[in-house]
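So this block is protein36.txt, compact mmCIF, C-alpha atoms:
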# COMPACT_ATOMS: atom_id res chain seq x y z
CA MET A 1 -85.86 -25.30 -20.57
CA ASP A 2 -82.63 -25.99 -22.49
CA GLU A 3 -80.95 -23.18 -20.60
CA PHE A 4 -82.25 -24.63 -17.33
CA MET A 5 -80.77 -28.05 -18.11
CA GLY A 6 -77.62 -26.30 -19.26
CA VAL A 7 -77.10 -24.84 -15.80
CA LEU A 8 -77.58 -28.23 -14.19
CA GLN A 9 -74.99 -29.70 -16.55
CA ARG A 10 -72.40 -27.03 -15.90
CA PRO A 11 -69.18 -28.50 -14.53
CA ASP A 12 -69.31 -26.23 -11.46
CA PHE A 13 -72.90 -27.17 -10.57
CA ILE A 14 -71.98 -30.49 -8.95
CA GLY A 15 -69.16 -28.73 -7.12
CA ASN A 16 -71.51 -26.12 -5.69
CA LEU A 17 -74.09 -28.77 -4.84
CA ILE A 18 -71.46 -30.76 -2.94
CA LEU A 19 -70.22 -27.58 -1.24
CA HIS A 20 -73.80 -26.81 -0.21
CA ILE A 21 -74.20 -30.28 1.31
CA GLU A 22 -70.75 -30.06 2.90
CA TYR A 23 -71.68 -26.81 4.67
CA THR A 24 -74.94 -28.33 5.88
CA VAL A 25 -73.34 -31.51 7.21
CA LEU A 26 -70.37 -29.73 8.83
CA ALA A 27 -72.46 -27.00 10.46
CA THR A 28 -75.06 -29.48 11.73
CA VAL A 29 -72.42 -31.87 13.11
CA LEU A 30 -70.52 -29.01 14.76
CA GLY A 31 -73.83 -27.75 16.14
CA ILE A 32 -74.55 -31.18 17.65
CA LEU A 33 -71.03 -31.41 19.10
CA ILE A 34 -71.48 -28.06 20.82
CA ALA A 35 -75.14 -28.23 21.86
CA ILE A 36 -75.44 -31.78 23.23
CA PRO A 37 -72.51 -31.62 25.70
CA VAL A 38 -73.74 -28.25 26.93
CA ALA A 39 -77.26 -29.66 27.37
CA VAL A 40 -75.90 -32.69 29.26
CA LEU A 41 -73.93 -30.36 31.54
CA VAL A 42 -76.74 -27.93 32.34
CA HIS A 43 -79.92 -30.01 32.28
CA ARG A 44 -79.69 -31.00 35.93
CA SER A 45 -79.54 -27.44 37.18
CA ASN A 46 -82.68 -25.32 36.96
CA ALA A 47 -80.76 -22.07 36.60
CA GLY A 48 -78.40 -23.56 34.02
CA SER A 49 -81.30 -24.89 31.96
CA THR A 50 -83.16 -21.60 32.07
CA ILE A 51 -80.05 -19.76 30.91
CA ALA A 52 -79.40 -22.31 28.14
CA ILE A 53 -83.00 -22.14 26.89
CA ASN A 54 -83.07 -18.34 26.97
CA VAL A 55 -79.74 -18.09 25.18
CA GLY A 56 -81.11 -20.58 22.65
CA ASN A 57 -84.29 -18.57 22.17
CA ILE A 58 -82.35 -15.37 21.61
CA GLY A 59 -80.00 -17.22 19.24
CA ARG A 60 -82.96 -18.52 17.26
CA ALA A 61 -84.30 -15.00 16.88
CA VAL A 62 -81.15 -13.67 15.20
CA PRO A 63 -81.76 -13.40 11.43
CA SER A 64 -79.46 -15.70 9.47
CA LEU A 65 -78.34 -12.99 7.06
CA ALA A 66 -77.42 -10.84 10.07
CA VAL A 67 -75.22 -13.62 11.48
CA LEU A 68 -73.49 -14.04 8.13
CA ALA A 69 -73.01 -10.29 7.73
CA LEU A 70 -71.55 -9.98 11.22
CA MET A 71 -69.01 -12.77 10.59
CA PHE A 72 -67.85 -11.05 7.43
CA PRO A 73 -65.63 -8.39 9.10
CA VAL A 74 -64.28 -10.99 11.55
CA PHE A 75 -63.26 -13.81 9.20
CA GLY A 76 -63.37 -12.08 5.83
CA LEU A 77 -64.79 -13.46 2.62
CA GLY A 78 -65.24 -17.15 2.05
CA PHE A 79 -65.66 -20.59 3.53
CA ASP A 80 -64.50 -20.00 7.15
CA SER A 81 -66.78 -17.04 7.64
CA ALA A 82 -69.76 -18.91 6.24
CA LEU A 83 -69.11 -22.10 8.20
CA PHE A 84 -68.65 -20.24 11.47
CA ALA A 85 -71.89 -18.32 10.97
CA LEU A 86 -73.79 -21.47 9.97
CA THR A 87 -72.54 -23.32 13.04
CA LEU A 88 -73.77 -20.48 15.24
CA LEU A 89 -77.16 -20.83 13.56
CA ALA A 90 -77.22 -24.62 14.04
CA VAL A 91 -76.64 -24.60 17.80
CA PRO A 92 -79.82 -22.96 19.27
CA PRO A 93 -82.54 -25.37 18.04
CA ILE A 94 -80.50 -28.42 19.07
CA LEU A 95 -79.59 -26.88 22.43
CA ILE A 96 -83.18 -25.96 23.32
CA ASN A 97 -84.57 -29.35 22.35
CA ALA A 98 -81.78 -31.30 24.07
CA VAL A 99 -82.26 -29.43 27.35
CA VAL A 100 -86.06 -29.74 27.19
CA GLY A 101 -85.80 -33.40 26.14
CA LEU A 102 -83.41 -34.42 28.89
CA ARG A 103 -85.42 -32.56 31.53
CA GLN A 104 -88.80 -33.98 30.62
CA VAL A 105 -87.84 -37.56 31.51
CA SER A 106 -90.09 -38.25 34.49
CA PRO A 107 -88.40 -38.37 37.90
CA GLN A 108 -90.09 -41.70 38.67
CA ILE A 109 -88.32 -43.33 35.73
CA LEU A 110 -84.99 -41.88 36.89
CA ASP A 111 -85.65 -43.07 40.45
CA SER A 112 -86.44 -46.59 39.37
CA ALA A 113 -83.33 -46.65 37.17
CA LYS A 114 -81.24 -45.55 40.12
CA GLY A 115 -83.03 -48.11 42.29
CA MET A 116 -82.01 -50.80 39.83
CA GLY A 117 -78.41 -49.84 40.54
CA LEU A 118 -77.56 -47.91 37.38
CA SER A 119 -74.76 -45.38 37.66
CA GLY A 120 -75.23 -41.72 36.73
CA LEU A 121 -73.64 -42.27 33.35
CA GLN A 122 -75.74 -45.38 32.69
CA VAL A 123 -78.91 -43.49 33.56
CA LEU A 124 -77.89 -40.78 31.12
CA THR A 125 -76.91 -42.99 28.18
CA GLY A 126 -79.32 -45.86 28.80
CA ILE A 127 -82.45 -44.06 29.96
CA GLN A 128 -82.45 -40.30 29.47
CA VAL A 129 -80.89 -40.03 26.03
CA PRO A 130 -83.08 -42.73 24.43
CA ILE A 131 -86.24 -41.22 25.93
CA ALA A 132 -85.17 -37.73 24.87
CA ALA A 133 -83.99 -38.93 21.43
CA PRO A 134 -87.15 -38.02 19.47
CA ILE A 135 -87.10 -34.46 20.84
CA ILE A 136 -83.35 -34.08 20.28
CA PHE A 137 -83.77 -35.33 16.72
CA ALA A 138 -86.56 -32.85 16.15
CA GLY A 139 -84.07 -30.13 17.10
CA ILE A 140 -81.41 -31.51 14.77
CA ARG A 141 -83.99 -31.66 12.00
CA THR A 142 -84.97 -28.03 12.54
CA SER A 143 -81.30 -27.03 12.46
CA ALA A 144 -80.47 -29.03 9.35
CA VAL A 145 -83.37 -27.57 7.36
CA LEU A 146 -82.53 -24.08 8.59
CA ILE A 147 -78.90 -24.57 7.56
CA VAL A 148 -79.79 -25.79 4.05
CA ALA A 149 -81.74 -22.55 3.65
CA SER A 150 -79.06 -20.37 5.22
CA VAL A 151 -76.21 -21.79 3.10
CA THR A 152 -78.03 -20.18 0.18
CA LEU A 153 -77.10 -16.82 1.69
CA ALA A 154 -73.40 -17.75 2.00
CA THR A 155 -73.04 -16.51 -1.55
CA PHE A 156 -73.32 -12.92 -0.27
CA ILE A 157 -70.12 -13.29 1.74
CA GLY A 158 -68.32 -15.21 -0.98
CA GLY A 159 -69.03 -18.62 0.52
CA GLY A 160 -70.28 -20.27 -2.67
CA GLY A 161 -72.97 -22.94 -2.71
CA LEU A 162 -76.17 -23.08 -4.72
CA GLY A 163 -77.05 -19.49 -3.84
CA ASP A 164 -74.46 -18.48 -6.45
CA TYR A 165 -76.86 -19.46 -9.23
CA ILE A 166 -79.81 -17.59 -7.75
CA VAL A 167 -77.75 -14.41 -7.53
CA GLU A 168 -76.32 -14.96 -11.02
CA GLY A 169 -79.85 -15.43 -12.30
CA TYR A 170 -80.96 -12.11 -10.79
CA GLN A 171 -77.89 -10.28 -12.07
CA ARG A 172 -78.24 -11.56 -15.62
CA ASN A 173 -82.02 -11.46 -15.37
CA SER A 174 -82.16 -15.11 -16.37
CA THR A 175 -85.12 -17.13 -15.17
CA ALA A 176 -83.40 -20.40 -16.02
CA ILE A 177 -80.28 -19.79 -13.95
CA ALA A 178 -82.16 -18.38 -10.94
CA LEU A 179 -84.64 -21.25 -10.97
CA ALA A 180 -81.93 -23.88 -11.33
CA GLY A 181 -80.43 -22.61 -8.08
CA ALA A 182 -83.74 -22.01 -6.31
CA LEU A 183 -85.27 -25.37 -7.19
CA ALA A 184 -82.08 -27.26 -6.33
CA VAL A 185 -82.04 -25.68 -2.87
CA ALA A 186 -85.76 -26.31 -2.40
CA VAL A 187 -85.38 -29.99 -3.33
CA LEU A 188 -82.39 -30.29 -1.01
CA ALA A 189 -84.42 -28.78 1.86
CA VAL A 190 -87.36 -31.13 1.27
CA ILE A 191 -85.02 -34.15 1.12
CA THR A 192 -83.29 -33.04 4.35
CA GLU A 193 -86.65 -32.62 6.08
CA ALA A 194 -87.84 -36.05 4.94
CA THR A 195 -84.58 -37.78 5.87
CA PHE A 196 -84.59 -36.36 9.35
CA ALA A 197 -88.28 -37.14 9.83
CA GLY A 198 -87.35 -40.76 9.05
CA LEU A 199 -84.33 -40.68 11.37
CA GLN A 200 -86.46 -39.18 14.11
CA ARG A 201 -88.89 -42.08 13.81
CA ALA A 202 -86.06 -44.61 13.68
CA PHE A 203 -84.49 -43.22 16.85
CA THR A 204 -87.71 -43.26 18.83
CA PRO A 205 -87.43 -46.21 21.22
CA LYS A 206 -89.97 -48.96 20.55
CA GLY A 207 -91.59 -48.65 23.95
CA LEU A 208 -92.09 -44.95 23.49
CA ARG A 209 -93.60 -45.45 20.05
CA ILE A 210 -96.14 -47.93 21.43
CA ALA A 211 -96.94 -45.55 24.29
CA GLN A 212 -97.47 -42.70 21.82
CA LYS A 213 -99.76 -44.82 19.72
CA ARG A 214 -101.88 -45.63 22.76
CA GLY A 215 -101.90 -41.98 23.65
CA ARG A 216 -99.92 -42.54 26.80
CA ALA A 217 -96.80 -40.61 25.90
CA THR A 218 -94.97 -39.73 29.08
CA LYS A 219 -94.86 -36.02 29.65
CA MET B 1 -82.48 -4.92 -8.82
CA LEU B 2 -80.91 -3.69 -5.61
CA ALA B 3 -82.11 -0.40 -4.34
CA PHE B 4 -79.04 1.72 -3.88
CA PHE B 5 -78.82 4.44 -1.34
CA GLN B 6 -78.25 7.95 -2.49
CA ALA B 7 -76.09 8.70 0.50
CA GLU B 8 -72.48 9.65 0.05
CA PHE B 9 -70.06 6.82 0.35
CA ALA B 10 -66.79 7.28 2.22
CA PRO B 11 -64.28 4.75 0.90
CA GLU B 12 -61.29 5.91 2.94
CA ASP B 13 -60.27 3.72 5.85
CA THR B 14 -62.36 4.73 8.80
CA GLY B 15 -62.27 1.54 10.85
CA LEU B 16 -65.08 -0.97 11.18
CA ILE B 17 -67.76 1.55 11.99
CA ASP B 18 -67.72 5.02 10.59
CA TRP B 19 -69.60 6.83 13.33
CA GLU B 20 -69.54 10.11 11.49
CA TRP B 21 -71.28 8.58 8.48
CA LEU B 22 -73.76 6.89 10.77
CA GLY B 23 -74.51 10.15 12.53
CA ASP B 24 -74.99 11.99 9.24
CA ASN B 25 -77.22 9.40 7.62
CA PHE B 26 -79.06 7.94 10.60
CA THR B 27 -82.38 9.73 10.23
CA GLU B 28 -82.19 9.65 6.44
CA ASP B 29 -81.33 6.00 5.75
CA VAL B 30 -81.34 3.92 8.90
CA VAL B 31 -84.56 5.02 10.59
CA PRO B 32 -86.77 4.65 7.48
CA ALA B 33 -85.33 1.17 6.82
CA PHE B 34 -86.06 0.19 10.41
CA PHE B 35 -89.69 1.32 10.26
CA GLN B 36 -90.15 -0.15 6.80
CA HIS B 37 -89.02 -3.47 8.25
CA ILE B 38 -91.45 -3.28 11.16
CA PHE B 39 -94.30 -2.31 8.84
CA LEU B 40 -93.55 -5.15 6.40
CA CYS B 41 -93.43 -7.74 9.19
CA PHE B 42 -96.53 -6.64 11.05
CA VAL B 43 -98.63 -6.38 7.90
CA SER B 44 -97.56 -9.91 6.95
CA LEU B 45 -98.28 -11.23 10.44
CA ALA B 46 -101.70 -9.56 10.47
CA ILE B 47 -102.64 -11.14 7.13
CA ALA B 48 -101.34 -14.51 8.30
CA ILE B 49 -103.38 -14.30 11.51
CA ALA B 50 -106.51 -13.38 9.56
CA ILE B 51 -106.05 -16.54 7.48
CA SER B 52 -104.82 -18.89 10.20
CA VAL B 53 -107.32 -18.31 12.98
CA PRO B 54 -110.41 -19.28 10.94
CA LEU B 55 -108.55 -22.19 9.34
CA GLY B 56 -107.33 -23.33 12.76
CA ILE B 57 -110.84 -23.16 14.22
CA LEU B 58 -112.15 -25.18 11.28
CA ALA B 59 -109.34 -27.73 11.59
CA ALA B 60 -109.96 -28.12 15.32
CA ARG B 61 -113.61 -28.86 14.63
CA TYR B 62 -113.30 -30.91 11.45
CA ARG B 63 -110.29 -33.10 12.17
CA TRP B 64 -109.84 -34.46 8.67
CA LEU B 65 -108.81 -30.97 7.56
CA TYR B 66 -105.82 -30.85 9.86
CA PRO B 67 -103.36 -33.32 8.26
CA PRO B 68 -103.63 -31.90 4.71
CA LEU B 69 -103.44 -28.36 6.11
CA THR B 70 -100.22 -29.05 8.02
CA ALA B 71 -98.80 -30.95 5.06
CA VAL B 72 -99.30 -28.02 2.69
CA THR B 73 -98.23 -25.29 5.11
CA GLY B 74 -95.35 -27.49 6.31
CA PHE B 75 -94.17 -27.75 2.73
CA PHE B 76 -94.16 -23.93 2.42
CA TYR B 77 -92.27 -23.71 5.69
CA THR B 78 -89.56 -26.07 4.42
CA ILE B 79 -88.83 -24.14 1.22
CA PRO B 80 -85.79 -21.90 1.81
CA SER B 81 -86.77 -18.25 1.70
CA PHE B 82 -84.36 -17.21 -1.04
CA SER B 83 -85.82 -20.01 -3.20
CA MET B 84 -89.37 -18.98 -2.32
CA PHE B 85 -88.76 -15.39 -3.39
CA THR B 86 -87.17 -16.57 -6.62
CA ILE B 87 -90.05 -18.92 -7.38
CA LEU B 88 -92.62 -16.20 -6.66
CA LEU B 89 -90.82 -13.85 -9.04
CA PHE B 90 -89.85 -16.14 -11.88
CA VAL B 91 -92.55 -18.82 -11.82
CA VAL B 92 -95.59 -17.00 -10.45
CA GLY B 93 -94.46 -13.92 -12.36
CA LEU B 94 -94.85 -11.31 -9.62
CA SER B 95 -92.90 -8.12 -10.08
CA VAL B 96 -90.13 -7.03 -7.79
CA GLY B 97 -91.27 -5.19 -4.69
CA ARG B 98 -93.25 -5.67 -1.53
CA THR B 99 -95.98 -7.98 -2.81
CA PRO B 100 -93.90 -11.15 -3.31
CA ALA B 101 -92.18 -10.51 0.02
CA VAL B 102 -95.47 -10.19 1.91
CA ILE B 103 -96.84 -13.33 0.22
CA ALA B 104 -93.74 -15.31 1.18
CA LEU B 105 -93.81 -14.03 4.76
CA VAL B 106 -97.49 -14.95 5.10
CA LEU B 107 -96.83 -18.45 3.70
CA TYR B 108 -94.04 -18.96 6.24
CA SER B 109 -96.26 -17.97 9.17
CA LEU B 110 -99.21 -20.24 8.38
CA LEU B 111 -97.85 -23.54 9.72
CA VAL B 112 -96.91 -22.24 13.16
CA LEU B 113 -100.05 -20.16 13.57
CA ILE B 114 -102.53 -22.84 12.47
CA ARG B 115 -100.78 -25.48 14.56
CA ASN B 116 -100.93 -23.31 17.66
CA VAL B 117 -104.58 -22.37 17.15
CA VAL B 118 -105.47 -26.07 16.95
CA THR B 119 -103.21 -27.03 19.89
CA GLY B 120 -104.64 -24.16 21.91
CA LEU B 121 -108.25 -25.14 21.24
CA ASP B 122 -107.41 -28.79 22.00
CA SER B 123 -105.96 -27.80 25.35
CA VAL B 124 -109.29 -26.50 26.61
CA PRO B 125 -110.53 -29.16 29.07
CA PRO B 126 -113.74 -30.89 27.94
CA GLU B 127 -115.20 -30.35 31.42
CA THR B 128 -114.92 -26.60 30.94
CA LYS B 129 -116.82 -26.80 27.66
CA ASP B 130 -119.41 -29.06 29.28
CA ALA B 131 -119.86 -26.57 32.08
CA ALA B 132 -120.29 -23.76 29.55
CA ARG B 133 -122.85 -25.80 27.67
CA GLY B 134 -124.61 -26.59 30.93
CA MET B 135 -124.85 -22.86 31.59
CA GLY B 136 -126.78 -22.58 28.35
CA LEU B 137 -124.11 -21.10 26.07
CA THR B 138 -124.45 -21.80 22.36
CA ASP B 139 -121.59 -23.31 20.36
CA ARG B 140 -120.64 -19.91 19.04
CA GLN B 141 -120.67 -18.36 22.49
CA ILE B 142 -118.53 -21.21 23.81
CA LEU B 143 -116.01 -20.60 21.03
CA TRP B 144 -115.75 -16.85 21.60
CA ARG B 145 -116.12 -16.68 25.35
CA VAL B 146 -114.54 -19.90 26.56
CA GLU B 147 -112.40 -21.69 24.00
CA LEU B 148 -110.60 -18.81 22.29
CA PRO B 149 -109.75 -16.91 25.50
CA LEU B 150 -108.39 -20.11 27.06
CA ALA B 151 -106.44 -20.94 23.88
CA LEU B 152 -105.06 -17.41 23.58
CA PRO B 153 -101.71 -17.98 25.35
CA VAL B 154 -100.90 -20.86 22.98
CA ILE B 155 -102.00 -18.79 19.97
CA VAL B 156 -99.82 -15.90 21.12
CA ALA B 157 -96.91 -18.33 21.52
CA GLY B 158 -97.42 -19.18 17.85
CA MET B 159 -97.46 -15.50 16.92
CA ARG B 160 -94.17 -15.10 18.74
CA ILE B 161 -92.46 -17.79 16.65
CA ALA B 162 -94.09 -16.40 13.51
CA ILE B 163 -93.01 -12.78 14.03
CA VAL B 164 -89.43 -13.78 14.82
CA THR B 165 -89.28 -15.95 11.69
CA VAL B 166 -90.84 -13.20 9.61
CA ILE B 167 -88.41 -10.53 10.84
CA GLY B 168 -85.49 -12.77 9.88
CA ILE B 169 -86.81 -13.67 6.46
CA ALA B 170 -87.86 -10.11 5.66
CA VAL B 171 -84.16 -9.19 5.81
CA ILE B 172 -83.61 -11.40 2.77
CA GLY B 173 -86.70 -9.89 1.13
CA ALA B 174 -84.72 -6.69 0.60
CA TYR B 175 -82.95 -8.51 -2.21
CA ILE B 176 -86.19 -8.56 -4.19
CA GLY B 177 -86.99 -4.96 -3.42
CA ALA B 178 -89.07 -5.30 -0.27
CA GLY B 179 -87.02 -2.65 1.51
CA GLY B 180 -86.28 -2.70 5.21
CA LEU B 181 -83.11 -3.45 7.11
CA GLY B 182 -81.91 -5.95 4.52
CA ASP B 183 -81.27 -2.98 2.21
CA LEU B 184 -78.58 -1.77 4.59
CA ILE B 185 -76.97 -5.22 4.71
CA PHE B 186 -77.03 -5.85 0.96
CA ASP B 187 -75.87 -2.32 0.12
CA GLY B 188 -73.14 -2.51 2.72
CA ILE B 189 -71.84 -5.79 1.35
CA THR B 190 -72.02 -4.65 -2.29
CA ARG B 191 -70.18 -1.43 -1.49
CA ASP B 192 -67.82 -3.12 0.95
CA PHE B 193 -68.87 -0.64 3.61
CA PRO B 194 -68.98 -2.41 7.01
CA THR B 195 -70.73 0.45 8.83
CA LEU B 196 -73.79 -0.08 6.70
CA TYR B 197 -74.14 -3.85 6.94
CA ILE B 198 -73.18 -4.01 10.61
CA THR B 199 -75.84 -1.40 11.39
CA GLY B 200 -78.40 -3.39 9.40
CA ALA B 201 -77.46 -6.71 11.01
CA VAL B 202 -77.41 -5.34 14.55
CA LEU B 203 -80.76 -3.57 14.15
CA ALA B 204 -82.38 -6.65 12.58
CA THR B 205 -81.10 -8.76 15.46
CA ALA B 206 -82.30 -6.23 18.03
CA LEU B 207 -85.70 -6.04 16.35
CA ALA B 208 -86.12 -9.84 16.33
CA ILE B 209 -85.08 -10.19 19.97
CA GLY B 210 -87.25 -7.21 20.95
CA ALA B 211 -90.29 -8.72 19.23
CA ASP B 212 -89.57 -12.07 20.89
CA LEU B 213 -89.47 -10.48 24.35
CA LEU B 214 -92.58 -8.41 23.62
CA PHE B 215 -94.56 -11.53 22.78
CA VAL B 216 -93.18 -13.43 25.79
CA GLY B 217 -94.53 -10.58 27.90
CA ALA B 218 -97.90 -10.73 26.13
CA GLU B 219 -98.01 -14.49 26.66
CA ARG B 220 -97.46 -14.07 30.41
CA LEU B 221 -99.97 -11.28 30.64
CA MET B 222 -102.65 -13.36 28.96
CA SER B 223 -102.30 -16.39 31.16
CA PRO B 224 -102.20 -15.14 34.75
CA TRP B 225 -103.54 -18.53 35.87
CA SER B 226 -100.47 -20.36 34.64
CA ARG B 227 -98.25 -18.03 36.64
CA ARG B 228 -100.35 -18.71 39.70
CA ALA B 229 -100.12 -22.43 39.04
CA ARG B 230 -96.37 -22.17 38.61
CA GLY B 231 -96.12 -20.28 41.87
CA ALA B 232 -98.17 -22.91 43.63
CA THR B 233 -96.00 -25.87 42.77
So that I can check it, write out the structure of this file as structure tokens.
Amino acid sequence: MDEFMGVLQRPDFIGNLILHIEYTVLATVLGILIAIPVAVLVHRSNAGSTIAINVGNIGRAVPSLAVLALMFPVFGLGFDSALFALTLLAVPPILINAVVGLRQVSPQILDSAKGMGLSGLQVLTGIQVPIAAPIIFAGIRTSAVLIVASVTLATFIGGGGLGDYIVEGYQRNSTAIALAGALAVAVLAVITEATFAGLQRAFTPKGLRIAQKRGRATK
Amino acid sequence: MLAFFQAEFAPEDTGLIDWEWLGDNFTEDVVPAFFQHIFLCFVSLAIAIAISVPLGILAARYRWLYPPLTAVTGFFYTIPSFSMFTILLFVVGLSVGRTPAVIALVLYSLLVLIRNVVTGLDSVPPETKDAARGMGLTDRQILWRVELPLALPVIVAGMRIAIVTVIGIAVIGAYIGAGGLGDLIFDGITRDFPTLYITGAVLATALAIGADLLFVGAERLMSPWSRRARGAT
């Protein structure tokens, strides 16, 4: 137990914790910045959406350690390699959900919005995005939790983060060190999941929430 | 803790992929790792299905079971795999090898599988069940002959997500001695031998995508009516 606390009090622990969070935030934000514009561009075309969803599905299937290993010869050891790989991992869930979310807005709603004189951009930002928001947030949540877990593997390509302690624990056969890393990552993942669940609820438009409660969610 | 390969290691500069090495060691190192990986994943999926289907049927019937079941399995699903392996080894006290890997892989599959069993059973129209009851089928017969066959496409969709997840996580399982394609990746990185880890990564990716496509095919095959409906609209 003393050894366990000792790891948490190490001067580099906070640094690695912050690095871990930094990777997660950067990769998730970059993932959003790539996935959402692509989804907005393709969602109106059937072929474009099918391609985007299939690419997303294939991307989701790729094992995270494989992505990291494949970036290693391209960018070498360290931060850039890890961040690039993590961004690649963050895109698919957000892309799939954004395309599905934007497409599932019922045509009647879009027609009435157009009938009220809204421009294409206004329909997108005022109607489609808010209605799709819960689904898009679900995608971001999936990505963020996946990234927290995948950052742990960045240690294998010299990317640092909390995975360093798990590996050190295995190498020195020290339960305390390995658990300090493992539990810190687990807590971080649970916090990320809970935060995004809250955000997802907060970004669900009021009307939609009432409709869901009455079991009349538009589909 | 890492299982090292006995194969000869060629440190001289041979470019990114040393085809000669690959040719020499393919049947010895690569093929067994590939099949080990498939075996590990399918055993885990089979165990997970054996647990999830009964639990899902119970949760669909007794609704109060569903929220705690998803909460617990959702919690497992959230725990990063490298942490899960570490906790299974150091807290639960399992020894290095396949057992902790299989347990972790089963735990990761439960959420998706149970959720899809329940969603699938829910999607059976009440009129259909009424009609079955009207024809004199017992509850058990309705479950086996009407509900489960109609829910099958959704259940298979769950299996698809589960197998893809499991294939990806099993790669990391190599670190705790589970074997499989992760061995190639970890050994390759430790020995700074790109041929080895690129081969492992590419095969793991191909396996995951292959399994994904296989299950998409199975899903289509099992729901010919949905294809007809899609064609009709």
Practice prompt. Could you check how far atom CA of B:Ala206 sits from atom CA of A:Val62, in Å to one decimal?
Written response: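 For atom CA of B:Ala206 relative to atom CA of A:Val62, the distance reads 8.0 Å.
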Item to complete: Find the residues of chain A in contact range of chain B, meaning any atom within 8 Å when counting only C-alpha atoms, and list them as an MDAnalysis selection string.
Response: chainID A and resid 58 61:67 69:70 73 145:146 148:150 152:153 156:157 166 170:171 175 178:179 181:183 185:186 189:190 193
Practice prompt. Just give me the gap between atom CA of B:Tyr66 and atom CA of A:Val105 in Å, one decimal is fine.
Written response: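 Here the two named atoms are 28.9 Å from each other.
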Fill in: Cut-off 10 Å around (-78.9, -27.9, 21.5) with all atoms listed in the file: residues as a list in words
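Output: Gly31, Ile32, Leu33, Ile34, Ala35, Ile36, Pro37, Val38, Ala39, Val40, Ala52, Ile53, Gly56, Ala90, Val91, Pro92, Pro93, Ile94, Leu95, Ile96, Asn97, Ala98, Val99, Val100, Gly101, Ile136, Gly139, Ile140 and Ser143 of chain A.
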Discussion item. Residues within 10 Å of (-108.6, -21.5, 10.5), file coordinates, counting all atoms listed in the file: what are they? Give the list as a list in words.
Written reply: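 The residues that fall inside the cut-off are Ile49, Ala50, Ile51, Ser52, Val53, Pro54, Leu55, Gly56, Ile57, Leu58, Ala59, Ala60, Arg61, Leu65, Tyr66, Leu69, Leu110, Leu113, Ile114, Arg115, Val117 and Val118 of chain B.
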Practice prompt. Mind checking which residues fall within 8 Å of B:Ala104, counting all atoms listed in the file, ignoring those fewer than 2 positions away in the same chain, and posting them as a ChimeraX atom specification?
Written response: /B:81,84-85,88,100-102,106-108
Worksheet item: Please, what distance in Å, to one decimal, runs between atom CA of A:Val7 and atom CA of A:Thr155?
Response: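 Value for the atom CA of A:Val7-atom CA of A:Thr155 distance: 17.0 Å.
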Discussion item. Residues near stretch 16-21 of chain A, anyone? I mean within 6 Å using all atoms listed in the file, not counting same-chain ones fewer than 2 positions away, as a list in words.
Written reply: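 Contacts, in chain order: Phe13, Ile14, Tyr23, Thr24, Gly161 and Leu162 of chain A.
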Discussion item. Taking 5 positions as the minimum chain separation for residues in the same chain, which residues sit within 6 Å of B:Asn116 when counting all atoms listed in the file? Answer as a ChimeraX atom specification.
Written reply: /B:154-155,158
Practice prompt. Tell me which of B:Leu196, B:Ala178, B:Ala46, B:Leu40 sits closest to B:Ser95, counting all atoms listed in the file.
Written response: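 Residue with the minimum atom-to-atom distance to B:Ser95: B:Ala178.
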Neighbour list for A:Asp80 as a JSON list (two decimals) with C-alpha atoms, keeping the file's coordinate frame, cut-off 12 Å, all atoms listed in the file, skip fewer than 6 positions in-chain:
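Saved file result_25.json follows:
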[["chain", "number", "residue", "atom", "x", "y", "z"],
["A", 23, "TYR", "CA", -71.68, -26.81, 4.67],
["A", 26, "LEU", "CA", -70.37, -29.73, 8.83],
["A", 27, "ALA", "CA", -72.46, -27.00, 10.46],
["A", 68, "LEU", "CA", -73.49, -14.04, 8.13],
["A", 71, "MET", "CA", -69.01, -12.77, 10.59],
["A", 72, "PHE", "CA", -67.85, -11.05, 7.43],
["A", 73, "PRO", "CA", -65.63, -8.39, 9.10],
["A", 74, "VAL", "CA", -64.28, -10.99, 11.55],
["A", 86, "LEU", "CA", -73.79, -21.47, 9.97],
["A", 87, "THR", "CA", -72.54, -23.32, 13.04],
["A", 154, "ALA", "CA", -73.40, -17.75, 2.00],
["A", 157, "ILE", "CA", -70.12, -13.29, 1.74],
["A", 158, "GLY", "CA", -68.32, -15.21, -0.98],
["A", 159, "GLY", "CA", -69.03, -18.62, 0.52],
["A", 160, "GLY", "CA", -70.28, -20.27, -2.67]]
Write out as a PDB file with C-alpha atoms, in the frame of the given file each polymer residue whose atoms come within 8 Å of A:Ala138, counting all atoms listed in the file; drop sequence neighbours fewer than 4 positions from it.
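In the end it all went to out_23.pdb:
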ATOM      1  CA  ASN A  97     -84.570 -29.350  22.350  1.00  0.00           C
ATOM      2  CA  PRO A 134     -87.150 -38.020  19.470  1.00  0.00           C
ATOM      3  CA  THR A 142     -84.970 -28.030  12.540  1.00  0.00           C
ATOM      4  CA  PHE A 196     -84.590 -36.360   9.350  1.00  0.00           C
ATOM      5  CA  ALA A 197     -88.280 -37.140   9.830  1.00  0.00           C
ATOM      6  CA  GLN A 200     -86.460 -39.180  14.110  1.00  0.00           C
TER       7      GLN A 200
END
Worksheet item: Given the choices A:Gly126, A:Ala176, A:Ser45, A:Asn54, which gets closest to B:Val216 if the distance is worked out from all atoms listed in the file?
Response: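 Of A:Gly126, A:Ala176, A:Ser45, A:Asn54, the one nearest B:Val216, counting all atoms listed in the file, is A:Asn54.
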